[in-house]
file final20.cif (mmCIF, C-alpha atoms)
data_run
loop_
_atom_site.label_atom_id
_atom_site.label_comp_id
_atom_site.auth_asym_id
_atom_site.auth_seq_id
_atom_site.Cartn_x
_atom_site.Cartn_y
_atom_site.Cartn_z
CA MET A 2 4.96 37.19 6.73
CA ALA A 3 5.69 37.28 10.44
CA THR A 4 4.19 33.80 10.79
CA ALA A 5 6.36 32.53 7.96
CA ILE A 6 9.50 33.88 9.63
CA ALA A 7 8.43 32.40 12.96
CA SER A 8 7.84 29.01 11.29
CA SER A 9 11.23 29.15 9.58
CA ARG A 10 12.91 30.01 12.87
CA GLU A 11 11.21 27.05 14.50
CA LEU A 12 13.41 24.84 12.33
CA ASP A 13 16.59 26.36 13.75
CA ASP A 14 16.21 24.24 16.86
CA PHE A 15 15.65 20.96 15.07
CA GLU A 16 15.93 18.89 18.21
CA SER A 17 12.83 20.64 19.55
CA VAL A 18 11.05 20.05 16.24
CA VAL A 19 11.71 16.32 16.54
CA ARG A 20 10.60 16.31 20.17
CA LEU A 21 7.40 18.17 19.38
CA TYR A 22 6.30 16.50 16.17
CA TRP A 23 7.66 12.97 16.50
CA PRO A 24 4.38 11.59 17.96
CA LYS A 25 2.33 13.14 15.17
CA VAL A 26 4.50 11.77 12.36
CA PHE A 27 4.96 8.39 14.01
CA ARG A 28 1.23 8.03 14.71
CA PHE A 29 0.33 8.79 11.10
CA ALA A 30 2.99 6.38 9.84
CA LEU A 31 1.80 3.64 12.20
CA ALA A 32 -1.84 3.98 11.20
CA SER A 33 -0.90 4.05 7.52
CA LEU A 34 1.66 1.23 7.46
CA ARG A 35 0.32 -0.81 10.40
CA ASP A 36 3.81 -1.88 11.31
CA ARG A 37 5.68 -0.47 14.28
CA HIS A 38 9.23 -0.90 12.93
CA ALA A 39 8.28 0.46 9.52
CA ALA A 40 6.54 3.43 11.16
CA GLU A 41 9.62 4.24 13.24
CA SER A 42 11.82 3.96 10.20
CA LEU A 43 9.50 6.18 8.15
CA ALA A 44 9.29 8.80 10.89
CA GLN A 45 13.09 8.89 11.07
CA ASP A 46 13.29 9.26 7.28
CA CYS A 47 10.75 12.06 7.48
CA PHE A 48 12.77 14.09 9.99
CA PHE A 49 15.99 13.39 8.15
CA LYS A 50 14.48 14.66 4.90
CA ALA A 51 13.03 17.66 6.67
CA TYR A 52 16.41 18.48 8.18
CA ARG A 53 18.07 18.27 4.76
CA ALA A 54 15.36 20.39 3.14
CA ARG A 55 14.94 22.91 5.96
CA GLY A 56 16.66 25.57 3.86
CA SER A 57 13.87 25.39 1.27
CA PHE A 58 11.09 25.78 3.86
CA ARG A 59 9.38 29.10 3.13
CA GLY A 60 6.88 29.07 5.95
CA GLU A 61 3.87 29.08 3.61
CA ALA A 62 2.40 26.29 5.71
CA SER A 63 3.06 25.46 9.36
CA VAL A 64 5.97 23.22 10.26
CA ALA A 65 3.47 20.52 11.25
CA THR A 66 1.77 20.63 7.84
CA TRP A 67 5.14 20.64 6.08
CA LEU A 68 6.28 17.60 8.05
CA MET A 69 3.03 15.81 7.34
CA GLN A 70 3.48 16.57 3.65
CA ILE A 71 6.84 14.80 3.75
CA ALA A 72 5.33 11.91 5.73
CA VAL A 73 2.41 11.56 3.29
CA ASN A 74 4.84 11.38 0.37
CA LEU A 75 6.95 8.77 2.15
CA VAL A 76 3.88 6.67 2.94
CA ARG A 77 2.78 6.93 -0.69
CA ASP A 78 6.22 5.83 -1.90
CA ARG A 79 6.22 2.95 0.59
CA ALA A 80 2.77 1.82 -0.51
CA ARG A 81 4.02 1.60 -4.09
CA ASP A 82 7.14 -0.31 -3.12
CA ARG A 83 6.56 -3.94 -4.03
CA ARG A 84 9.39 -5.13 -1.79
CA TRP A 85 7.70 -3.45 1.16
CA GLN A 86 4.42 -5.15 0.26
CA PHE A 87 6.21 -8.50 0.33
CA TRP A 88 7.93 -7.93 3.68
CA LYS A 89 4.79 -6.46 5.19
CA ARG A 90 3.11 -9.83 4.76
CA ALA A 91 6.04 -11.64 6.33
CA ARG A 92 6.81 -9.29 9.24
CA GLN A 93 5.90 -10.16 12.79
CA THR A 94 5.68 -6.54 13.91
CA ALA A 95 2.55 -5.80 11.92
CA VAL A 96 -0.11 -4.31 14.17
CA ASP A 97 -3.32 -6.29 14.05
CA ALA A 98 -6.73 -5.06 14.94
CA THR A 99 -6.74 -6.73 18.35
CA SER A 100 -3.60 -4.96 19.50
CA ALA A 101 -4.82 -1.63 18.09
CA ALA A 102 -8.00 -2.03 20.08
CA GLY A 103 -5.89 -3.05 23.06
CA TRP A 104 -4.21 0.36 23.08
CA ILE A 105 -7.27 1.85 24.73
CA ARG A 106 -6.57 2.65 28.32
CA ASP A 107 -9.08 1.71 30.90
CA ARG A 108 -10.47 5.08 31.93
CA GLY A 109 -12.72 3.79 34.61
CA ALA A 110 -15.19 2.31 32.14
CA SER A 111 -17.18 -0.77 33.11
CA PRO A 112 -16.00 -4.05 31.55
CA GLU A 113 -19.02 -3.98 29.24
CA ASP A 114 -18.32 -0.42 28.09
CA ALA A 115 -14.62 -1.19 27.66
CA ALA A 116 -15.50 -4.21 25.51
CA LEU A 117 -17.88 -2.11 23.44
CA ILE A 118 -15.24 0.58 22.89
CA ARG A 119 -12.70 -2.07 21.89
CA ASP A 120 -15.15 -3.44 19.34
CA GLN A 121 -15.72 0.02 17.93
CA VAL A 122 -12.01 0.80 17.65
CA HIS A 123 -11.50 -2.62 16.11
CA ALA A 124 -14.18 -1.83 13.52
CA VAL A 125 -12.67 1.55 12.61
CA TRP A 126 -9.16 0.05 12.46
CA GLU A 127 -10.39 -2.69 10.14
CA ALA A 128 -12.34 -0.22 8.03
CA THR A 129 -9.29 2.02 7.55
CA ARG A 130 -7.35 -1.02 6.30
CA ASN A 131 -9.78 -1.39 3.40
CA LEU A 132 -9.81 2.28 2.44
CA SER A 133 -7.84 3.45 -0.55
CA GLU A 134 -4.50 5.00 0.33
CA ARG A 135 -5.81 8.53 -0.27
CA GLN A 136 -9.03 7.98 1.65
CA ARG A 137 -7.09 6.56 4.59
CA THR A 138 -4.59 9.42 4.55
CA VAL A 139 -7.31 12.04 4.47
CA PHE A 140 -9.31 10.27 7.19
CA LEU A 141 -6.29 9.96 9.51
CA LEU A 142 -5.24 13.57 9.00
CA ARG A 143 -8.76 14.81 9.70
CA PHE A 144 -9.89 12.60 12.54
CA VAL A 145 -6.67 11.51 14.23
CA GLU A 146 -4.48 14.55 13.62
CA ASP A 147 -7.33 17.11 13.79
CA MET A 148 -6.15 18.91 10.68
CA ASP A 149 -8.65 21.07 8.80
CA LEU A 150 -9.46 20.60 5.13
CA LEU A 151 -7.08 23.33 3.94
CA GLU A 152 -4.19 21.87 5.93
CA ILE A 153 -4.98 18.41 4.55
CA ALA A 154 -5.05 19.86 1.05
CA ALA A 155 -1.61 21.42 1.64
CA ALA A 156 -0.18 18.20 3.09
CA THR A 157 -1.53 15.93 0.36
CA GLY A 158 -1.25 18.25 -2.62
CA LEU A 159 -4.94 17.70 -3.36
CA LYS A 160 -7.58 20.36 -3.94
CA GLU A 161 -9.89 21.11 -1.03
CA GLY A 162 -12.87 19.72 -2.94
CA THR A 163 -11.03 16.47 -3.66
CA VAL A 164 -10.08 16.17 0.01
CA LYS A 165 -13.75 16.55 0.90
CA ILE A 166 -14.77 13.81 -1.53
CA HIS A 167 -12.15 11.37 -0.19
CA LEU A 168 -13.17 12.18 3.36
CA PHE A 169 -16.84 11.74 2.57
CA ARG A 170 -16.21 8.29 1.06
CA ALA A 171 -13.96 7.28 3.94
CA VAL A 172 -16.62 8.21 6.51
CA GLN A 173 -19.25 6.33 4.54
CA ALA A 174 -17.08 3.21 4.36
CA ILE A 175 -16.35 3.36 8.07
CA ARG A 176 -19.96 3.87 8.98
CA GLU A 177 -20.95 0.92 6.80
CA ARG A 178 -18.33 -1.26 8.50
CA MET A 179 -19.62 -0.22 11.93
CA THR A 180 -23.21 -1.02 11.14
CA LYS A 181 -22.35 -4.54 9.95
CA MET B 2 -38.86 18.40 8.12
CA ILE B 3 -36.90 15.40 6.75
CA ASP B 4 -37.67 11.92 8.12
CA HIS B 5 -34.21 10.85 9.22
CA LEU B 6 -30.75 11.61 8.00
CA SER B 7 -29.57 9.43 5.13
CA ALA B 8 -26.15 7.78 5.19
CA GLU B 9 -24.94 10.49 2.82
CA GLN B 10 -26.24 13.28 5.02
CA ILE B 11 -24.54 11.77 8.06
CA SER B 12 -21.24 11.60 6.18
CA GLN B 13 -21.85 15.15 4.94
CA TRP B 14 -22.24 16.28 8.55
CA MET B 15 -19.07 14.51 9.60
CA VAL B 16 -17.11 16.11 6.76
CA GLY B 17 -18.26 19.51 7.96
CA GLU B 18 -20.91 20.37 5.41
CA ARG B 19 -23.54 21.46 7.89
CA THR B 20 -26.53 23.17 6.31
CA PRO B 21 -29.13 24.96 8.45
CA GLN B 22 -31.63 22.29 7.41
CA LEU B 23 -29.37 19.50 8.73
CA GLU B 24 -28.66 21.42 11.91
CA GLN B 25 -32.36 21.94 12.55
CA HIS B 26 -33.13 18.25 11.98
CA ILE B 27 -30.41 17.09 14.35
CA GLU B 28 -31.66 19.47 16.98
CA GLU B 29 -35.14 18.04 16.73
CA CYS B 30 -34.50 14.35 15.99
CA THR B 31 -33.26 12.31 18.93
CA ALA B 32 -32.54 9.21 16.81
CA CYS B 33 -30.34 11.05 14.33
CA ARG B 34 -28.63 12.99 17.11
CA GLY B 35 -27.93 9.68 18.84
CA GLU B 36 -26.56 8.12 15.68
CA LEU B 37 -24.24 11.04 15.06
CA ALA B 38 -23.10 11.07 18.67
CA GLN B 39 -22.34 7.35 18.42
CA LEU B 40 -20.28 7.84 15.25
CA GLU B 41 -18.40 10.80 16.69
CA SER B 42 -17.73 8.91 19.90
CA THR B 43 -16.36 5.91 18.00
CA ILE B 44 -14.03 8.07 15.94
CA SER B 45 -12.97 9.87 19.09
CA GLN B 46 -12.16 6.52 20.76
CA PHE B 47 -10.18 5.57 17.70
CA ARG B 48 -8.26 8.85 17.92
CA MET B 49 -7.47 8.23 21.58
CA ALA B 50 -6.38 4.68 20.83
CA MET B 51 -4.10 5.96 18.11
CA ARG B 52 -2.63 8.65 20.33
CA ASP B 53 -1.75 6.39 23.23
CA PRO B 54 0.93 4.20 21.62
CA ALA B 55 2.37 7.21 19.85
CA ASN B 56 3.05 8.86 23.19
CA LEU B 57 4.72 5.69 24.38
CA ALA B 58 6.72 5.19 21.20
CA PRO B 59 10.43 5.73 21.76
CA ARG B 60 11.38 9.17 20.58
CA PRO B 61 14.84 9.02 19.06
CA GLU B 62 17.57 11.30 20.28
CA TRP B 63 18.22 13.75 17.48
CA ARG B 64 21.80 14.11 16.38
CA GLU B 65 22.59 16.43 13.55
CA PRO B 66 23.67 14.40 10.55
CA ALA B 67 27.27 14.98 9.48
CA PRO B 68 27.33 17.47 6.63
CA SER B 69 27.66 15.56 3.43
CA ALA B 70 30.89 16.30 1.61
CA SER B 71 30.38 18.24 -1.55
CA TRP B 72 30.69 16.09 -4.64
CA PHE B 73 32.91 18.64 -6.34
CA THR B 74 36.07 18.06 -4.34
CA TRP B 75 39.44 18.45 -6.10
CA PRO B 76 40.60 14.81 -5.94
CA ARG B 77 37.21 13.63 -7.16
CA MET B 78 37.20 16.10 -10.04
CA VAL B 79 40.76 15.11 -11.07
CA LEU B 80 39.85 11.43 -10.96
CA THR B 81 36.73 12.04 -13.03
CA ALA B 82 38.62 14.09 -15.59
CA THR B 83 41.27 11.35 -15.88
CA ALA B 84 38.64 8.68 -16.31
CA LEU B 85 36.85 10.73 -18.97
CA ALA B 86 40.11 11.40 -20.82
CA ALA B 87 40.95 7.68 -20.73
CA LEU B 88 37.50 6.84 -22.05
CA LEU B 89 37.89 9.31 -24.89
CA ALA B 90 41.47 8.23 -25.63
CA VAL B 91 40.64 4.54 -26.08
CA PRO B 92 38.53 4.88 -29.25
CA VAL B 93 40.87 7.55 -30.67
CA SER B 94 43.96 5.39 -30.18
CA TRP B 95 42.14 2.38 -31.61
CA ARG B 96 41.20 4.38 -34.70
CA VAL B 97 44.74 5.68 -35.14
CA ARG B 98 46.12 2.16 -34.85
CA ALA B 99 43.62 0.79 -37.36
CA HIS B 100 44.47 3.61 -39.78
CA GLU B 101 48.22 2.92 -39.44
CA GLN B 102 47.64 -0.80 -40.04
CA ALA B 103 45.66 -0.02 -43.20
CA LEU B 104 48.44 2.28 -44.44
CA ARG B 105 51.06 -0.40 -43.79
CA GLU B 106 49.03 -3.00 -45.67
CA GLU B 107 48.52 -0.58 -48.56
CA ALA B 108 52.26 0.14 -48.68
CA ALA B 109 53.08 -3.57 -48.68
CA ARG B 110 50.61 -4.21 -51.50
CA SER B 111 52.01 -1.34 -53.52
CA ALA B 112 55.63 -2.52 -52.95
CA MET B 113 54.74 -6.01 -54.17
CA ALA B 114 53.03 -4.64 -57.27
CA ASP B 115 56.10 -2.43 -57.95
CA SER B 116 58.50 -5.32 -57.65
CA GLN B 117 56.36 -7.47 -59.98
CA LEU B 118 56.32 -4.66 -62.54
CA LEU B 119 60.08 -4.21 -62.25
CA GLU B 120 60.65 -7.92 -62.71
CA SER B 121 58.54 -8.02 -65.86
CA VAL B 122 60.26 -4.92 -67.26
CA ASP B 123 63.61 -6.44 -66.46
CA ALA B 124 62.66 -9.63 -68.22
CA GLU B 125 61.53 -7.70 -71.27
CA ILE B 126 64.69 -5.59 -71.43
CA SER B 127 66.95 -8.62 -71.14
CA GLN B 128 65.40 -10.11 -74.29
CA ALA B 129 67.49 -9.42 -77.52
CA VAL B 130 64.48 -9.22 -79.81
CA PRO B 131 60.80 -8.77 -79.09
CA GLU B 132 58.94 -11.93 -78.43
CA PRO B 133 57.03 -11.99 -81.77
CA MET B 134 60.32 -11.86 -83.71
CA GLU B 135 62.00 -14.70 -81.86
CA PRO B 136 61.24 -17.33 -84.66
CA LEU B 137 63.08 -15.11 -87.17
CA VAL B 138 66.12 -14.97 -84.92
CA THR B 139 66.12 -18.76 -84.76
CA LEU B 140 65.78 -18.95 -88.54
CA ALA B 141 68.57 -16.39 -89.10
CA THR B 142 70.82 -18.28 -86.74
CA TRP B 143 70.09 -21.47 -88.60
CA ASN B 144 70.76 -19.81 -92.03
CA SER B 145 74.03 -18.23 -91.04
CA SER B 146 75.39 -21.44 -89.57
CA SER B 147 74.53 -23.45 -92.75
CA ALA B 148 76.20 -20.75 -94.98
CA GLU B 149 79.37 -21.02 -92.90
CA GLN B 150 79.35 -24.79 -93.37
CA ASN B 151 78.98 -24.37 -97.19
CA GLN B 152 81.94 -21.97 -97.35
CA LYS B 153 84.11 -24.40 -95.42
CA ALA B 154 83.13 -27.18 -97.80
CA HIS B 155 84.18 -25.11 -100.83
#
call {"tool": "encode", "arguments": {"input": "final20.cif", "output": "structure tokens"}}
result
Amino acid sequence: MATAIASSRELDDFESVVRLYWPKVFRFALASLRDRHAAESLAQDCFFKAYRARGSFRGEASVATWLMQIAVNLVRDRARDRRWQFWKRARQTAVDATSAAGWIRDRGASPEDAALIRDQVHAVWEATRNLSERQRTVFLLRFVEDMDLLEIAAATGLKEGTVKIHLFRAVQAIRERMTK
Amino acid sequence: MIDHLSAEQISQWMVGERTPQLEQHIEECTACRGELAQLESTISQFRMAMRDPANLAPRPEWREPAPSASWFTWPRMVLTATALAALLAVPVSWRVRAHEQALREEAARSAMADSQLLESVDAEISQAVPEPMEPLVTLATWNSSSAEQNQKAH
């Protein structure tokens, strides 16, 4: 109860909410849509929707999970939008595997190690492209956003067992892609 | 002791389903431990790669959206009511007009029928004898005129 009230109060200062959670929402949108402009637009929509619906937030989940729930729904809607599918093919801002791998900062690794890491990130990035929308969502929430299975279930509206199955398949597909 | 972890068991481990049997095998098997470490490291690199651009992504300045005006404002409600009334009035007025037109046509038809009837009655009344007796009238006229001529001759 106290946690719920604290979570609800967190929404009173919405500017801080945006500051705190923008990277999380944007990152998820970028990895899902693979387009920087679309990800920014989706993240903005997400916060706008959250602001409008903040009165209905009961604090049953954390603000982060609630925001991710909105983001997951927006990504799902976007994936079903045929116009978006058309423009996605035509857009220049789409993030390809090379640039995703290029995001890795050089942390003092040798050129060989850096190249190996780039290849690995490239492989995972490519593998996530071929996952189903649900598998990709679950994988990103678990391994990029560090959410646990219950939080993922709350954000996606799936049962915990279903989340586990999607995650299991996603890991298998990624492992297969890496061993190719 | 299991030989090596299968692909399914590795995925199981990654998902978090860690049985004591799996844990024991990983502790003892260098190859499987290495494979898992490699997979975890790759996913970790992917996570770091994903987190870097997000931190650099421009964070928009949040401005509270202007409160949306309630739909139920007085001018809007009056306009809607007027539009609804107009929509309802159109078919009613059309029906009334059609009904009036039908009444007028009916009245005109009835007036024409009345005038025809009156004309025929008038024509009948103006006749001296009924139509079937007209030949007798002609005959009587003829007889009386010939009798007058005979009297004059006498």
call {"tool": "interface_residues", "arguments": {"input": "final20.cif", "of": "chain A", "to": "chain B", "cutoff": "7 Å", "atoms": "only C-alpha atoms", "output": "MDAnalysis selection string"}}
result
chainID A and resid 16 23:24 27:28 102 104:105 121:122 125 144:145 165 168:169 172:173
call {"tool": "atom_distance", "arguments": {"input": "final20.cif", "atom1": "CA of Thr66 in chain A", "atom2": "CA of Lys25 in chain A"}}
result
10.5 Å
call {"tool": "closest_residue", "arguments": {"input": "final20.cif", "among": "A:Asp147, A:Glu161, A:Glu127, A:Glu152", "to": "Glu177 in chain A", "atoms": "all atoms listed in the file"}}
result
A:Glu127
call {"tool": "residues_around", "arguments": {"input": "final20.cif", "residues": "Thr138 in chain A", "least_positions_apart": "2", "cutoff": "10 Å", "atoms": "all atoms listed in the file", "output": "CSV table (one decimal) with C-alpha atoms, in the frame of the given file"}}
result
chain,number,residue,atom,x,y,z
A,29,PHE,CA,0.3,8.8,11.1
A,30,ALA,CA,3.0,6.4,9.8
A,32,ALA,CA,-1.8,4.0,11.2
A,33,SER,CA,-0.9,4.0,7.5
A,73,VAL,CA,2.4,11.6,3.3
A,76,VAL,CA,3.9,6.7,2.9
A,77,ARG,CA,2.8,6.9,-0.7
A,129,THR,CA,-9.3,2.0,7.6
A,132,LEU,CA,-9.8,2.3,2.4
A,133,SER,CA,-7.8,3.4,-0.6
A,134,GLU,CA,-4.5,5.0,0.3
A,135,ARG,CA,-5.8,8.5,-0.3
A,136,GLN,CA,-9.0,8.0,1.6
A,140,PHE,CA,-9.3,10.3,7.2
A,141,LEU,CA,-6.3,10.0,9.5
A,142,LEU,CA,-5.2,13.6,9.0
A,143,ARG,CA,-8.8,14.8,9.7
A,153,ILE,CA,-5.0,18.4,4.6
A,156,ALA,CA,-0.2,18.2,3.1
A,157,THR,CA,-1.5,15.9,0.4
A,164,VAL,CA,-10.1,16.2,0.0
A,167,HIS,CA,-12.2,11.4,-0.2
A,168,LEU,CA,-13.2,12.2,3.4
A,171,ALA,CA,-14.0,7.3,3.9
call {"tool": "atom_distance", "arguments": {"input": "final20.cif", "atom1": "CA of Leu68 in chain A", "atom2": "CA of Cys47 in chain A"}}
result
7.1 Å
call {"tool": "atom_distance", "arguments": {"input": "final20.cif", "atom1": "CA of Leu159 in chain A", "atom2": "CA of Ala72 in chain A"}}
result
14.9 Å
call {"tool": "closest_residue", "arguments": {"input": "final20.cif", "among": "A:Leu75, A:Ala62, A:Gly162, A:His123", "to": "Arg178 in chain A", "atoms": "all atoms listed in the file"}}
result
A:His123
call {"tool": "residues_near_point", "arguments": {"input": "final20.cif", "point": "(-24.5, 5.0, 12.0)", "cutoff": "7 Å", "atoms": "all atoms listed in the file", "output": "VMD selection string"}}
result
(chain A and resid 176 180) or (chain B and resid 36 to 37 40)
call {"tool": "decode", "arguments": {"input": "final20.cif", "residues": "range 2-33 of chain B", "atoms": "C-alpha atoms", "output": "compact mmCIF listing (two decimals), in the first residue's frame"}}
result
# COMPACT_ATOMS: atom_id res chain seq x y z
CA MET B 2 26.59 -36.92 -14.34
CA ILE B 3 25.30 -35.67 -17.73
CA ASP B 4 27.73 -35.52 -20.67
CA HIS B 5 27.31 -31.90 -21.70
CA LEU B 6 24.47 -29.48 -21.54
CA SER B 7 22.06 -29.67 -24.47
CA ALA B 8 20.94 -26.54 -26.31
CA GLU B 9 17.67 -26.74 -24.40
CA GLN B 10 19.40 -27.00 -21.05
CA ILE B 11 21.56 -23.98 -21.86
CA SER B 12 18.47 -21.96 -22.76
CA GLN B 13 16.79 -23.27 -19.60
CA TRP B 14 19.73 -21.98 -17.57
CA MET B 15 19.59 -18.59 -19.25
CA VAL B 16 15.86 -18.29 -18.59
CA GLY B 17 16.53 -18.92 -14.91
CA GLU B 18 15.39 -22.50 -14.53
CA ARG B 19 18.43 -23.70 -12.63
CA THR B 20 18.04 -27.17 -11.16
CA PRO B 21 20.60 -28.54 -8.69
CA GLN B 22 21.59 -31.10 -11.33
CA LEU B 23 22.38 -28.34 -13.86
CA GLU B 24 24.23 -26.31 -11.26
CA GLN B 25 26.36 -29.30 -10.30
CA HIS B 26 27.21 -30.05 -13.94
CA ILE B 27 28.24 -26.47 -14.67
CA GLU B 28 30.42 -26.45 -11.61
CA GLU B 29 32.21 -29.56 -12.78
CA CYS B 30 32.25 -29.16 -16.58
CA THR B 31 34.69 -26.56 -17.89
CA ALA B 32 33.37 -26.76 -21.47
CA CYS B 33 29.76 -26.09 -20.50
